[in-house]
$ cat input02.json   # JSON, C-alpha atoms
[["chain", "number", "residue", "atom", "x", "y", "z"],
["A", 770, "MET", "CA", 0.00, 0.00, 0.00],
["A", 771, "SER", "CA", 1.49, 3.31, -0.99],
["A", 772, "ASP", "CA", 1.39, 6.42, 1.10],
["A", 773, "GLN", "CA", -1.22, 8.79, -0.30],
["A", 774, "LYS", "CA", 0.63, 11.96, 0.65],
["A", 775, "PRO", "CA", 1.82, 13.73, -2.51],
["A", 776, "ALA", "CA", 5.43, 14.85, -2.83],
["A", 777, "ARG", "CA", 6.02, 18.46, -1.88],
["A", 778, "ALA", "CA", 6.95, 20.89, -4.65],
["A", 779, "ASN", "CA", 10.57, 20.97, -3.47],
["A", 780, "GLU", "CA", 10.94, 17.21, -3.15],
["A", 781, "ALA", "CA", 12.24, 15.09, -5.99],
["A", 782, "VAL", "CA", 10.72, 11.88, -7.25],
["A", 783, "VAL", "CA", 12.35, 9.15, -9.32],
["A", 784, "ASP", "CA", 10.70, 6.81, -11.81],
["A", 785, "LEU", "CA", 11.17, 3.48, -10.08],
["A", 786, "ARG", "CA", 12.76, 0.72, -12.09],
["A", 787, "PRO", "CA", 10.83, -2.54, -12.10],
["A", 788, "ALA", "CA", 11.17, -4.50, -8.89],
["A", 789, "THR", "CA", 13.82, -7.18, -8.96],
["A", 790, "ASP", "CA", 13.05, -10.75, -8.02],
["A", 791, "ALA", "CA", 14.31, -10.45, -4.47],
["A", 792, "GLN", "CA", 11.23, -11.38, -2.50],
["A", 793, "LEU", "CA", 10.79, -10.84, 1.17],
["A", 794, "ARG", "CA", 8.90, -13.28, 3.32],
["A", 795, "PHE", "CA", 7.15, -11.86, 6.34],
["A", 796, "ILE", "CA", 7.98, -14.02, 9.37],
["A", 797, "GLY", "CA", 5.41, -12.50, 11.71],
["A", 798, "VAL", "CA", 3.87, -9.25, 12.82],
["A", 799, "ILE", "CA", 4.78, -6.57, 15.35],
["A", 800, "ARG", "CA", 2.26, -5.56, 18.00],
["A", 801, "THR", "CA", 2.73, -2.03, 19.34],
["A", 802, "PRO", "CA", 0.46, 0.46, 21.13],
["A", 803, "TRP", "CA", 0.45, 2.81, 18.11],
["A", 804, "VAL", "CA", -2.47, 2.36, 15.72],
["A", 805, "THR", "CA", -2.00, 5.42, 13.51],
["A", 806, "ARG", "CA", 1.18, 6.90, 12.16],
["A", 807, "ASP", "CA", 0.61, 10.21, 13.93],
["A", 808, "LEU", "CA", 0.80, 8.40, 17.26],
["A", 809, "CYS", "CA", 4.14, 6.66, 16.59],
["A", 810, "PRO", "CA", 7.14, 8.25, 18.31],
["A", 811, "ARG", "CA", 9.88, 9.47, 15.96],
["A", 812, "GLN", "CA", 12.45, 7.29, 17.68],
["A", 813, "GLY", "CA", 11.93, 4.35, 20.02],
["A", 814, "ALA", "CA", 13.15, 4.59, 23.62],
["A", 815, "GLU", "CA", 14.39, 1.72, 25.75],
["A", 816, "ASP", "CA", 12.08, 2.84, 28.53],
["A", 817, "GLY", "CA", 9.16, 2.95, 26.10],
["A", 818, "PRO", "CA", 6.19, 0.57, 26.25],
["A", 819, "GLU", "CA", 6.48, -3.17, 25.71],
["A", 820, "CYS", "CA", 5.93, -4.35, 22.16],
["A", 821, "ARG", "CA", 5.59, -7.92, 20.90],
["A", 822, "LEU", "CA", 7.23, -9.61, 17.93],
["A", 823, "VAL", "CA", 4.66, -12.29, 17.12],
["A", 824, "LEU", "CA", 6.35, -14.94, 14.97],
["A", 825, "ASP", "CA", 4.71, -17.35, 12.60],
["A", 826, "PRO", "CA", 4.96, -20.53, 14.76],
["A", 827, "VAL", "CA", 7.15, -22.33, 12.18],
["A", 828, "TRP", "CA", 9.96, -19.95, 13.20],
["A", 829, "GLN", "CA", 9.72, -20.52, 16.96],
["A", 830, "PRO", "CA", 12.75, -22.90, 17.08],
["A", 831, "ALA", "CA", 14.83, -20.14, 15.48],
["A", 832, "LEU", "CA", 14.67, -18.23, 18.80],
["A", 833, "ALA", "CA", 16.86, -20.81, 20.62],
["A", 834, "GLY", "CA", 19.77, -18.95, 22.19],
["A", 835, "LEU", "CA", 18.35, -15.46, 21.66],
["A", 836, "GLU", "CA", 17.61, -15.21, 25.39],
["A", 837, "ASP", "CA", 21.35, -14.75, 26.03],
["A", 838, "TYR", "CA", 21.24, -11.26, 24.54],
["A", 839, "GLU", "CA", 20.10, -8.10, 26.30],
["A", 840, "ARG", "CA", 19.80, -6.09, 23.13],
["A", 841, "ILE", "CA", 18.63, -7.35, 19.76],
["A", 842, "GLU", "CA", 18.26, -5.92, 16.27],
["A", 843, "VAL", "CA", 14.80, -6.04, 14.68],
["A", 844, "LEU", "CA", 14.11, -5.60, 10.97],
["A", 845, "TYR", "CA", 10.63, -4.84, 9.67],
["A", 846, "TRP", "CA", 8.84, -3.68, 6.56],
["A", 847, "LEU", "CA", 7.34, -0.19, 6.59],
["A", 848, "ASP", "CA", 4.48, -1.18, 4.34],
["A", 849, "ARG", "CA", 2.73, 2.20, 4.27],
["A", 850, "SER", "CA", 5.67, 4.15, 2.88],
["A", 851, "ARG", "CA", 6.00, 5.57, -0.57],
["A", 852, "ARG", "CA", 9.29, 4.51, -2.14],
["A", 853, "ASP", "CA", 10.11, 6.99, -4.87],
["A", 854, "LEU", "CA", 11.38, 10.11, -3.05],
["A", 855, "VAL", "CA", 15.01, 10.89, -3.84],
["A", 856, "THR", "CA", 15.07, 14.06, -1.75],
["A", 857, "GLN", "CA", 12.78, 14.96, 1.12],
["A", 858, "SER", "CA", 11.82, 18.00, 3.13],
["A", 859, "PRO", "CA", 11.17, 16.53, 6.58],
["A", 860, "LYS", "CA", 10.41, 19.86, 8.25],
["A", 861, "GLY", "CA", 8.29, 21.12, 5.36],
["A", 862, "ASP", "CA", 10.32, 24.33, 5.46],
["A", 863, "GLY", "CA", 11.60, 24.26, 1.89],
["A", 864, "LYS", "CA", 14.97, 22.76, 2.87],
["A", 865, "THR", "CA", 15.61, 19.34, 1.36],
["A", 866, "LEU", "CA", 17.95, 16.51, 2.22],
["A", 867, "GLY", "CA", 18.76, 13.35, 0.32],
["A", 868, "THR", "CA", 16.78, 10.27, 1.32],
["A", 869, "PHE", "CA", 20.01, 8.47, 2.30],
["A", 870, "ALA", "CA", 20.90, 11.30, 4.72],
["A", 871, "LEU", "CA", 17.68, 10.62, 6.65],
["A", 872, "ARG", "CA", 16.24, 7.76, 8.66],
["A", 873, "SER", "CA", 12.77, 8.56, 7.31],
["A", 874, "PRO", "CA", 10.52, 5.55, 6.56],
["A", 875, "VAL", "CA", 10.18, 6.89, 3.02],
["A", 876, "ARG", "CA", 13.00, 5.17, 1.08],
["A", 877, "PRO", "CA", 13.44, 2.88, -1.92],
["A", 878, "ASN", "CA", 13.37, -0.22, 0.28],
["A", 879, "PRO", "CA", 11.42, 0.74, 3.40],
["A", 880, "ILE", "CA", 13.19, -1.56, 5.84],
["A", 881, "GLY", "CA", 13.19, -0.38, 9.44],
["A", 882, "THR", "CA", 16.12, -1.39, 11.64],
["A", 883, "SER", "CA", 15.95, -0.89, 15.41],
["A", 884, "VAL", "CA", 18.09, -1.99, 18.30],
["A", 885, "VAL", "CA", 15.78, -2.82, 21.20],
["A", 886, "ARG", "CA", 15.94, -4.22, 24.71],
["A", 887, "LEU", "CA", 14.90, -7.85, 25.07],
["A", 888, "VAL", "CA", 12.37, -8.16, 27.89],
["A", 889, "GLY", "CA", 11.43, -11.81, 27.49],
["A", 890, "ILE", "CA", 10.39, -14.65, 25.21],
["A", 891, "GLU", "CA", 7.03, -16.43, 25.54],
["A", 892, "GLY", "CA", 6.63, -19.25, 23.05],
["A", 893, "ALA", "CA", 6.75, -17.70, 19.58],
["A", 894, "GLU", "CA", 6.47, -14.15, 20.96],
["A", 895, "VAL", "CA", 9.41, -11.90, 21.77],
["A", 896, "ILE", "CA", 8.74, -8.98, 24.13],
["A", 897, "VAL", "CA", 10.91, -5.90, 23.62],
["A", 898, "ARG", "CA", 11.13, -2.20, 24.47],
["A", 899, "GLY", "CA", 12.44, 0.50, 22.14],
["A", 900, "LEU", "CA", 10.36, 0.18, 18.96],
["A", 901, "ASP", "CA", 8.56, 3.06, 17.26],
["A", 902, "CYS", "CA", 6.59, 1.37, 14.46],
["A", 903, "LEU", "CA", 2.87, 0.99, 13.79],
["A", 904, "ASP", "CA", 0.86, -1.86, 15.23],
["A", 905, "GLY", "CA", 0.63, -4.59, 12.57],
["A", 906, "THR", "CA", 4.00, -3.86, 10.93],
["A", 907, "PRO", "CA", 5.30, -6.98, 9.11],
["A", 908, "LEU", "CA", 8.36, -8.55, 10.77],
["A", 909, "LEU", "CA", 11.39, -9.44, 8.61],
["A", 910, "ASP", "CA", 14.18, -10.53, 10.94],
["A", 911, "ILE", "CA", 15.60, -10.70, 14.47],
["A", 912, "LYS", "CA", 19.35, -10.87, 15.22],
["A", 913, "PRO", "CA", 21.63, -10.34, 18.20],
["A", 914, "GLU", "CA", 22.85, -6.76, 18.34],
["A", 915, "ARG", "CA", 26.05, -6.30, 16.36],
["A", 916, "GLY", "CA", 28.11, -5.01, 19.30],
["A", 917, "SER", "CA", 27.33, -7.88, 21.64],
["A", 918, "PHE", "CA", 27.64, -10.70, 19.11],
["A", 919, "THR", "CA", 30.81, -12.69, 18.44],
["A", 920, "PRO", "CA", 30.96, -14.92, 15.35],
["A", 921, "LYS", "CA", 30.36, -18.52, 16.32],
["A", 922, "ALA", "CA", 32.04, -20.19, 13.37],
["A", 923, "PRO", "CA", 35.80, -20.82, 13.41],
["A", 924, "PRO", "CA", 38.05, -18.18, 11.85],
["A", 925, "LYS", "CA", 38.72, -18.61, 8.15],
["A", 926, "PRO", "CA", 42.13, -19.42, 6.74],
["A", 927, "GLY", "CA", 43.88, -16.38, 5.40],
["A", 928, "VAL", "CA", 41.58, -13.86, 7.08],
["A", 929, "ALA", "CA", 42.88, -11.74, 9.94],
["B", 304, "MET", "CA", 20.30, -18.03, -6.33],
["B", 305, "SER", "CA", 20.27, -20.51, -3.50],
["B", 306, "ASP", "CA", 23.26, -21.74, -1.60],
["B", 307, "GLN", "CA", 24.10, -25.27, -2.70],
["B", 308, "LYS", "CA", 25.38, -26.40, 0.69],
["B", 309, "PRO", "CA", 22.99, -28.99, 2.12],
["B", 310, "ALA", "CA", 21.70, -28.63, 5.67],
["B", 311, "ARG", "CA", 23.66, -30.61, 8.24],
["B", 312, "ALA", "CA", 21.91, -33.56, 9.87],
["B", 313, "ASN", "CA", 21.45, -31.62, 13.10],
["B", 314, "GLU", "CA", 20.12, -28.49, 11.45],
["B", 315, "ALA", "CA", 16.42, -27.91, 10.99],
["B", 316, "VAL", "CA", 14.74, -26.77, 7.81],
["B", 317, "VAL", "CA", 11.32, -25.19, 7.38],
["B", 318, "ASP", "CA", 9.00, -25.39, 4.39],
["B", 319, "LEU", "CA", 8.97, -21.79, 3.27],
["B", 320, "ARG", "CA", 5.58, -20.15, 2.80],
["B", 321, "PRO", "CA", 5.14, -18.45, -0.55],
["B", 322, "ALA", "CA", 6.90, -15.11, -0.83],
["B", 323, "THR", "CA", 4.71, -12.13, -0.10],
["B", 324, "ASP", "CA", 4.44, -9.28, -2.51],
["B", 325, "ALA", "CA", 6.99, -7.12, -0.73],
["B", 326, "GLN", "CA", 9.51, -6.58, -3.49],
["B", 327, "LEU", "CA", 12.94, -5.19, -3.01],
["B", 328, "ARG", "CA", 14.54, -2.93, -5.56],
["B", 329, "PHE", "CA", 18.29, -3.05, -5.80],
["B", 330, "ILE", "CA", 19.65, 0.51, -5.80],
["B", 331, "GLY", "CA", 23.21, -0.36, -6.75],
["B", 332, "VAL", "CA", 26.00, -2.83, -6.13],
["B", 333, "ILE", "CA", 28.77, -3.13, -3.54],
["B", 334, "ARG", "CA", 32.37, -3.44, -4.70],
["B", 335, "THR", "CA", 34.66, -5.19, -2.21],
["B", 336, "PRO", "CA", 38.02, -7.00, -2.49],
["B", 337, "TRP", "CA", 36.40, -10.37, -1.71],
["B", 338, "VAL", "CA", 35.43, -12.44, -4.74],
["B", 339, "THR", "CA", 34.61, -15.75, -3.05],
["B", 340, "ARG", "CA", 32.75, -16.35, 0.18],
["B", 341, "ASP", "CA", 35.73, -18.11, 1.73],
["B", 342, "LEU", "CA", 37.72, -14.90, 1.44],
["B", 343, "CYS", "CA", 35.17, -12.66, 3.19],
["B", 344, "PRO", "CA", 35.99, -11.77, 6.79],
["B", 345, "ARG", "CA", 33.41, -12.87, 9.36],
["B", 346, "GLN", "CA", 32.96, -9.33, 10.59],
["B", 347, "GLY", "CA", 33.99, -6.07, 8.95],
["B", 348, "ALA", "CA", 36.58, -3.85, 10.63],
["B", 349, "GLU", "CA", 36.75, -0.07, 10.45],
["B", 350, "ASP", "CA", 40.43, -0.32, 9.56],
["B", 351, "GLY", "CA", 39.63, -2.83, 6.82],
["B", 352, "PRO", "CA", 40.02, -2.13, 3.10],
["B", 353, "GLU", "CA", 38.01, 0.52, 1.26],
["B", 354, "CYS", "CA", 34.82, -0.70, -0.37],
["B", 355, "ARG", "CA", 32.52, 1.16, -2.75],
["B", 356, "LEU", "CA", 28.75, 1.48, -2.75],
["B", 357, "VAL", "CA", 28.08, 2.07, -6.45],
["B", 358, "LEU", "CA", 24.60, 3.56, -6.79],
["B", 359, "ASP", "CA", 22.36, 3.49, -9.81],
["B", 360, "PRO", "CA", 22.83, 7.12, -10.98],
["B", 361, "VAL", "CA", 19.13, 7.93, -10.50],
["B", 362, "TRP", "CA", 19.75, 7.78, -6.76],
["B", 363, "GLN", "CA", 22.76, 10.12, -6.66],
["B", 364, "PRO", "CA", 20.72, 13.14, -5.42],
["B", 365, "ALA", "CA", 19.61, 11.03, -2.45],
["B", 366, "LEU", "CA", 23.17, 11.30, -1.05],
["B", 367, "ALA", "CA", 22.83, 15.06, -0.34],
["B", 368, "GLY", "CA", 23.68, 15.64, 3.31],
["B", 369, "LEU", "CA", 25.16, 12.18, 3.92],
["B", 370, "GLU", "CA", 28.65, 13.70, 4.00],
["B", 371, "ASP", "CA", 27.86, 15.14, 7.45],
["B", 372, "TYR", "CA", 28.01, 11.67, 9.01],
["B", 373, "GLU", "CA", 31.13, 9.80, 10.03],
["B", 374, "ARG", "CA", 29.38, 6.48, 10.36],
["B", 375, "ILE", "CA", 26.57, 5.18, 8.21],
["B", 376, "GLU", "CA", 24.38, 2.09, 8.14],
["B", 377, "VAL", "CA", 24.40, -0.01, 4.96],
["B", 378, "LEU", "CA", 21.76, -2.60, 4.06],
["B", 379, "TYR", "CA", 22.37, -5.21, 1.38],
["B", 380, "TRP", "CA", 20.95, -8.43, 0.01],
["B", 381, "LEU", "CA", 22.92, -11.62, 0.65],
["B", 382, "ASP", "CA", 21.84, -13.17, -2.62],
["B", 383, "ARG", "CA", 23.79, -16.42, -2.25],
["B", 384, "SER", "CA", 22.22, -17.49, 1.02],
["B", 385, "ARG", "CA", 19.74, -20.27, 1.52],
["B", 386, "ARG", "CA", 16.74, -19.04, 3.45],
["B", 387, "ASP", "CA", 15.10, -22.05, 5.05],
["B", 388, "LEU", "CA", 17.30, -22.94, 8.05],
["B", 389, "VAL", "CA", 15.48, -22.56, 11.36],
["B", 390, "THR", "CA", 18.42, -23.80, 13.42],
["B", 391, "GLN", "CA", 22.07, -23.83, 12.45],
["B", 392, "SER", "CA", 25.30, -25.38, 13.57],
["B", 393, "PRO", "CA", 27.84, -22.69, 12.79],
["B", 394, "LYS", "CA", 30.82, -24.58, 14.19],
["B", 395, "GLY", "CA", 29.77, -27.86, 12.64],
["B", 396, "ASP", "CA", 30.27, -29.46, 16.07],
["B", 397, "GLY", "CA", 26.75, -30.82, 16.54],
["B", 398, "LYS", "CA", 25.64, -27.89, 18.70],
["B", 399, "THR", "CA", 22.83, -25.89, 17.17],
["B", 400, "LEU", "CA", 21.49, -22.41, 17.74],
["B", 401, "GLY", "CA", 18.37, -20.73, 16.43],
["B", 402, "THR", "CA", 18.81, -18.65, 13.29],
["B", 403, "PHE", "CA", 17.63, -15.52, 15.16],
["B", 404, "ALA", "CA", 20.37, -16.01, 17.79],
["B", 405, "LEU", "CA", 23.01, -15.71, 15.05],
["B", 406, "ARG", "CA", 24.13, -13.04, 12.61],
["B", 407, "SER", "CA", 24.73, -15.69, 9.96],
["B", 408, "PRO", "CA", 23.85, -14.70, 6.36],
["B", 409, "VAL", "CA", 21.56, -17.75, 6.25],
["B", 410, "ARG", "CA", 18.16, -16.41, 7.36],
["B", 411, "PRO", "CA", 14.59, -16.12, 6.05],
["B", 412, "ASN", "CA", 15.26, -12.65, 4.68],
["B", 413, "PRO", "CA", 19.01, -12.45, 4.06],
["B", 414, "ILE", "CA", 19.44, -8.73, 4.67],
["B", 415, "GLY", "CA", 22.88, -7.71, 5.85],
["B", 416, "THR", "CA", 23.15, -4.64, 8.09],
["B", 417, "SER", "CA", 26.53, -3.07, 8.78],
["B", 418, "VAL", "CA", 27.66, 0.15, 10.41],
["B", 419, "VAL", "CA", 30.66, 1.43, 8.49],
["B", 420, "ARG", "CA", 32.97, 4.43, 8.42],
["B", 421, "LEU", "CA", 32.28, 6.94, 5.65],
["B", 422, "VAL", "CA", 35.53, 7.69, 3.82],
["B", 423, "GLY", "CA", 34.16, 9.86, 1.02],
["B", 424, "ILE", "CA", 31.59, 10.38, -1.72],
["B", 425, "GLU", "CA", 32.52, 10.59, -5.40],
["B", 426, "GLY", "CA", 29.52, 11.24, -7.63],
["B", 427, "ALA", "CA", 27.21, 8.26, -7.22],
["B", 428, "GLU", "CA", 29.84, 6.20, -5.34],
["B", 429, "VAL", "CA", 30.19, 6.08, -1.58],
["B", 430, "ILE", "CA", 33.54, 4.91, -0.20],
["B", 431, "VAL", "CA", 33.44, 3.15, 3.17],
["B", 432, "ARG", "CA", 35.49, 0.91, 5.47],
["B", 433, "GLY", "CA", 34.06, -1.85, 7.63],
["B", 434, "LEU", "CA", 32.14, -4.11, 5.25],
["B", 435, "ASP", "CA", 32.56, -7.88, 5.03],
["B", 436, "CYS", "CA", 30.38, -8.87, 2.06],
["B", 437, "LEU", "CA", 31.16, -10.37, -1.32],
["B", 438, "ASP", "CA", 32.07, -8.26, -4.33],
["B", 439, "GLY", "CA", 28.90, -7.71, -6.36],
["B", 440, "THR", "CA", 26.46, -7.83, -3.43],
["B", 441, "PRO", "CA", 23.23, -5.95, -4.29],
["B", 442, "LEU", "CA", 22.77, -2.72, -2.33],
["B", 443, "LEU", "CA", 19.42, -2.02, -0.62],
["B", 444, "ASP", "CA", 19.81, 1.12, 1.46],
["B", 445, "ILE", "CA", 22.11, 3.68, 3.10],
["B", 446, "LYS", "CA", 21.16, 5.66, 6.23],
["B", 447, "PRO", "CA", 22.93, 7.74, 8.87],
["B", 448, "GLU", "CA", 23.95, 5.60, 11.82],
["B", 449, "ARG", "CA", 21.18, 5.43, 14.41],
["B", 450, "GLY", "CA", 23.30, 6.84, 17.27],
["B", 451, "SER", "CA", 24.46, 9.95, 15.42],
["B", 452, "PHE", "CA", 21.14, 10.85, 13.80],
["B", 453, "THR", "CA", 18.55, 13.21, 15.28],
["B", 454, "PRO", "CA", 15.06, 13.28, 13.73],
["B", 455, "LYS", "CA", 14.72, 16.28, 11.44],
["B", 456, "ALA", "CA", 10.95, 16.58, 11.50],
["B", 457, "PRO", "CA", 9.23, 18.53, 14.28],
["B", 458, "PRO", "CA", 8.02, 16.58, 17.35],
["B", 459, "LYS", "CA", 4.52, 15.18, 17.10],
["B", 460, "PRO", "CA", 1.66, 16.37, 19.27],
["B", 461, "GLY", "CA", 1.03, 14.03, 22.15],
["B", 462, "VAL", "CA", 4.33, 12.16, 21.86],
["B", 463, "ALA", "CA", 6.99, 12.68, 24.49]]

$ encode --input "input02.json" --output "structure tokens"
Amino acid sequence: MSDQKPARANEAVVDLRPATDAQLRFIGVIRTPWVTRDLCPRQGAEDGPECRLVLDPVWQPALAGLEDYERIEVLYWLDRSRRDLVTQSPKGDGKTLGTFALRSPVRPNPIGTSVVRLVGIEGAEVIVRGLDCLDGTPLLDIKPERGSFTPKAPPKPGVA
Amino acid sequence: MSDQKPARANEAVVDLRPATDAQLRFIGVIRTPWVTRDLCPRQGAEDGPECRLVLDPVWQPALAGLEDYERIEVLYWLDRSRRDLVTQSPKGDGKTLGTFALRSPVRPNPIGTSVVRLVGIEGAEVIVRGLDCLDGTPLLDIKPERGSFTPKAPPKPGVA
């Protein structure tokens, strides 16, 4: 579903090339307290309300070991965002910035990435604090936070 | 393209549901020194070699303002990865972990996220240090690093 808001006069739009064949598969849905976009905070806070990552049950075994991490990275699909803005005017004041200089949800591939605090795991549901997305946002991935993760596979020959 | 490596006996596989209609659009390609997967480091280092994010020229204006950031987040598509492992045995030692407790490229949506150091911008090419992906990896997105970015839009009514 595309955002209905038209581009501002000082924003630039690109003709999107056809989509490639890289297909995402939604692995679940995110439950948050925010049911309209106007109610979503601009940035999540670790003392914000609890949110739930509700996995499709086939993925429940993929959570094994996640409980060892205090902070996790969550990827999700911002399915209401338009995707064709090259420049944007976030303040609406006539000043524009490039899309890649912003963390706006409006981007060619509207993938949200957040680092959140892991509160607990209940079956196929992961409880976290620190998200800022709409209730019902499709879930793409969960990983340990970069900074607290150490590769588990042995080092490779020839690589420092 | 799917990874040809078969699952190990102690790894679990899921029957993937059909892909949804969330389509990614590749916005460019990443040039790195690593031409086979065996040569890629397990984790990028900020003193590692320079790599180039080569954008499709239509996206060049979207870089405006990115030069203000020392560290940027890069998203890319790990197009060689199989996507159906629910648990994995990264060390090959019989011990398994859930896919979501690992940062392995093998995951339902193989999106790589890295925080890298911005070295410079030349036209539609962004030079960075800190990546660990294969040469030719499709590029999905570039954003300012979470920690150094402040929302540019005005605060919303009713949101702290």

$ interface_residues --input "input02.json" --of "chain A" --to "chain B" --cutoff "8 Å" --atoms "all atoms listed in the file" --output "VMD selection string"
chain A and resid 783 786 to 796 807 to 812 827 to 828 830 to 835 855 to 856 859 to 860 866 to 872 876 to 878 909 to 913 915 918 920 to 925 927 to 929

$ atom_distance --input "input02.json" --atom1 "atom CA of A:Arg800" --atom2 "atom CA of A:Ile896"
9.6 Å

$ atom_distance --input "input02.json" --atom1 "atom CA of B:Ile424" --atom2 "atom CA of B:Gly450"
21.0 Å

$ closest_residue --input "input02.json" --among "A:Val804, A:Ile799, A:Val888, A:Leu900" --to "A:Val823" --atoms "all atoms listed in the file"
A:Ile799

$ atom_distance --input "input02.json" --atom1 "atom CA of B:Arg374" --atom2 "atom CA of B:Ala348"
12.6 Å

$ closest_residue --input "input02.json" --among "A:Glu839, A:Asp901, A:Tyr845, A:Arg806" --to "A:Ser917" --atoms "all atoms listed in the file"
A:Glu839
